[in-house]
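Q: One structure is given below, represented as structure tokens, and several questions about it will come after.
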Amino acid sequence: MTVDLGTIRRLVELTVDGEQVRVPEGSTILDACRAQDIETPTLCYAPNLTPVNACRVCVVELEGARTLVPSCARPVEDGMVVHTDSERVRHSRKMVLELLDSSVDLSQSGEDVDRWKDQYGVDAGRYGPPAAPAAAGERDARHAGHHEIPDGSTAATVAQPVKEDNDLYVRDYGRCIMCYKCVEACGTDAQNTFAIAVAGRGFDTRITTEFAVELPDSACVYCGNCIGVCPTGALKSVSEHELREAGQWDPDDETVTTTICSFCGVGCNLELHVQHNQIVNVTSPTDHSVTHGHLCIKGRFGFQHVQNLPEGS
Ligand code: SF4
Ligand code: SF4
Ligand code: FES
């Protein structure tokens, strides 16, 4: 038997919620929590992206640290003592989720987010009724340093019309939590295209193309890797958007079949998401050594020909 010395890592010992945990050096506190089956909410974290610490919903209390620390990014160290369910942690997670829920449409963010909202007692309504949505393009035109004073009677929101400017995917920034995942996937973590970036400051911060041009006029190559990592439904395929708008989106009927992309010799793993005998989305597993969850335009969107079947078949 041969031993690959390159994969052996020293074990680090720490205490999480009173239990001794040993995890390989280089692991994060989140890895240590998961090794103990301690559920930790995450929004901006993804296993195939560099942590950016944008959302802070994963914070834990670390003895000796002045502030709460983001578990998704903080590497473990010998002797750390971590508390994941203290009053301070619960309060902080509640505030993060509550401020997001009051300003962003989280209704397509999935069952985990719904469960965390219940678990932490989120009450977005206490900030007042939502303010009127912005007109199309209004938020894109805002300049840093020119904030409008809130009227105090309504909760500010990022609600705005969906951007539909191409055949492949929509940008529904009324659902955007500014997790930066799409920017990372478009940048150095996957595609290196840099078609989208963060603009603005404070509440006016938003994801945008250069000079806020429409997607067909931007550097976008339509790989859809931004869709693949978006946790809230802010970015989604046109096929999914149209089915949702028609009231025909049916995740209860969905099956997922793994196959190999046949468009080129790279051999990416594809996951075909099928509802009512129609492919509605294509993804790739994040733990696949070739794709790390990312695809190109052909693999992600080139499925319509499969469905051009004769009438009645
Ligand atoms: S569009 Fe999606 S992935 Fe991009 S920052 Fe917003 S929520 Fe995150
Ligand atoms: S997804 Fe793109 S790169 Fe991967 S096998 Fe298909 S065509 Fe090739
Ligand atoms: S998930 Fe850790 S900071 Fe967002």
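Order determines the names: the first chain of the structure tokens is A, the second B, and so forth; residues in each chain are numbered 1 upward, and ligands are numbered 1 upward as they are shown.
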Skipping near chain neighbours, those fewer than 4 positions away, what residues fall within 6 Å of Val104 (chain A) using only C-alpha atoms, listed as a JSON list (two decimals) with C-alpha atoms, in the first residue's frame?
A:
[["chain", "number", "residue", "atom", "x", "y", "z"],
["A", 100, "LEU", "CA", -32.17, 41.30, 4.79],
["A", 158, "VAL", "CA", -34.11, 47.11, -3.11],
["A", 174, "GLY", "CA", -35.00, 42.96, -5.90],
["A", 175, "ARG", "CA", -33.85, 39.56, -4.56]]
Q: Residues at most 6 Å from ligand 2, using only C-alpha atoms and all ligand atoms? Could they come as a VMD selection string?
A: chain A and resid 261 263 to 268 295 to 296 298 to 299
Q: Enumerate, as a VMD selection string, the complete set of residues in region 165-247 of chain A that a backbone-based DSSP assignment places in strand (DSSP E or B).
A: chain A and resid 169 to 171 196 to 199 206 to 209 235 to 237
Q: In Å to one decimal, how far is CA of Arg115 (chain A) from CA of Met95 (chain A)?
A: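 CA of Arg115 (chain A) lies 15.2 Å from CA of Met95 (chain A).
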Q: Would you list the contacts of His83 (chain A) as a PDB file with N, CA and C atoms, in the first residue's frame, taking every protein, DNA or RNA residue within 7 Å and counting only C-alpha atoms, but skipping same-chain residues closer than 4 positions in sequence?
A:
ATOM      1  N   VAL A  16     -15.741  23.153  20.593  1.00  0.00           N
ATOM      2  CA  VAL A  16     -16.929  23.780  20.008  1.00  0.00           C
ATOM      3  C   VAL A  16     -18.136  23.400  20.859  1.00  0.00           C
ATOM      4  N   ASP A  17     -18.765  24.396  21.450  1.00  0.00           N
ATOM      5  CA  ASP A  17     -19.920  24.166  22.331  1.00  0.00           C
ATOM      6  C   ASP A  17     -19.623  23.103  23.386  1.00  0.00           C
ATOM      7  N   VAL A  60     -19.754  33.244  14.894  1.00  0.00           N
ATOM      8  CA  VAL A  60     -19.726  32.494  16.149  1.00  0.00           C
ATOM      9  C   VAL A  60     -18.915  33.312  17.159  1.00  0.00           C
ATOM     10  N   GLU A  61     -19.044  32.937  18.425  1.00  0.00           N
ATOM     11  CA  GLU A  61     -18.294  33.623  19.472  1.00  0.00           C
ATOM     12  C   GLU A  61     -17.010  32.836  19.740  1.00  0.00           C
ATOM     13  N   LEU A  62     -15.888  33.549  19.713  1.00  0.00           N
ATOM     14  CA  LEU A  62     -14.590  32.915  19.935  1.00  0.00           C
ATOM     15  C   LEU A  62     -13.994  33.525  21.202  1.00  0.00           C
TER      16      LEU A  62
END
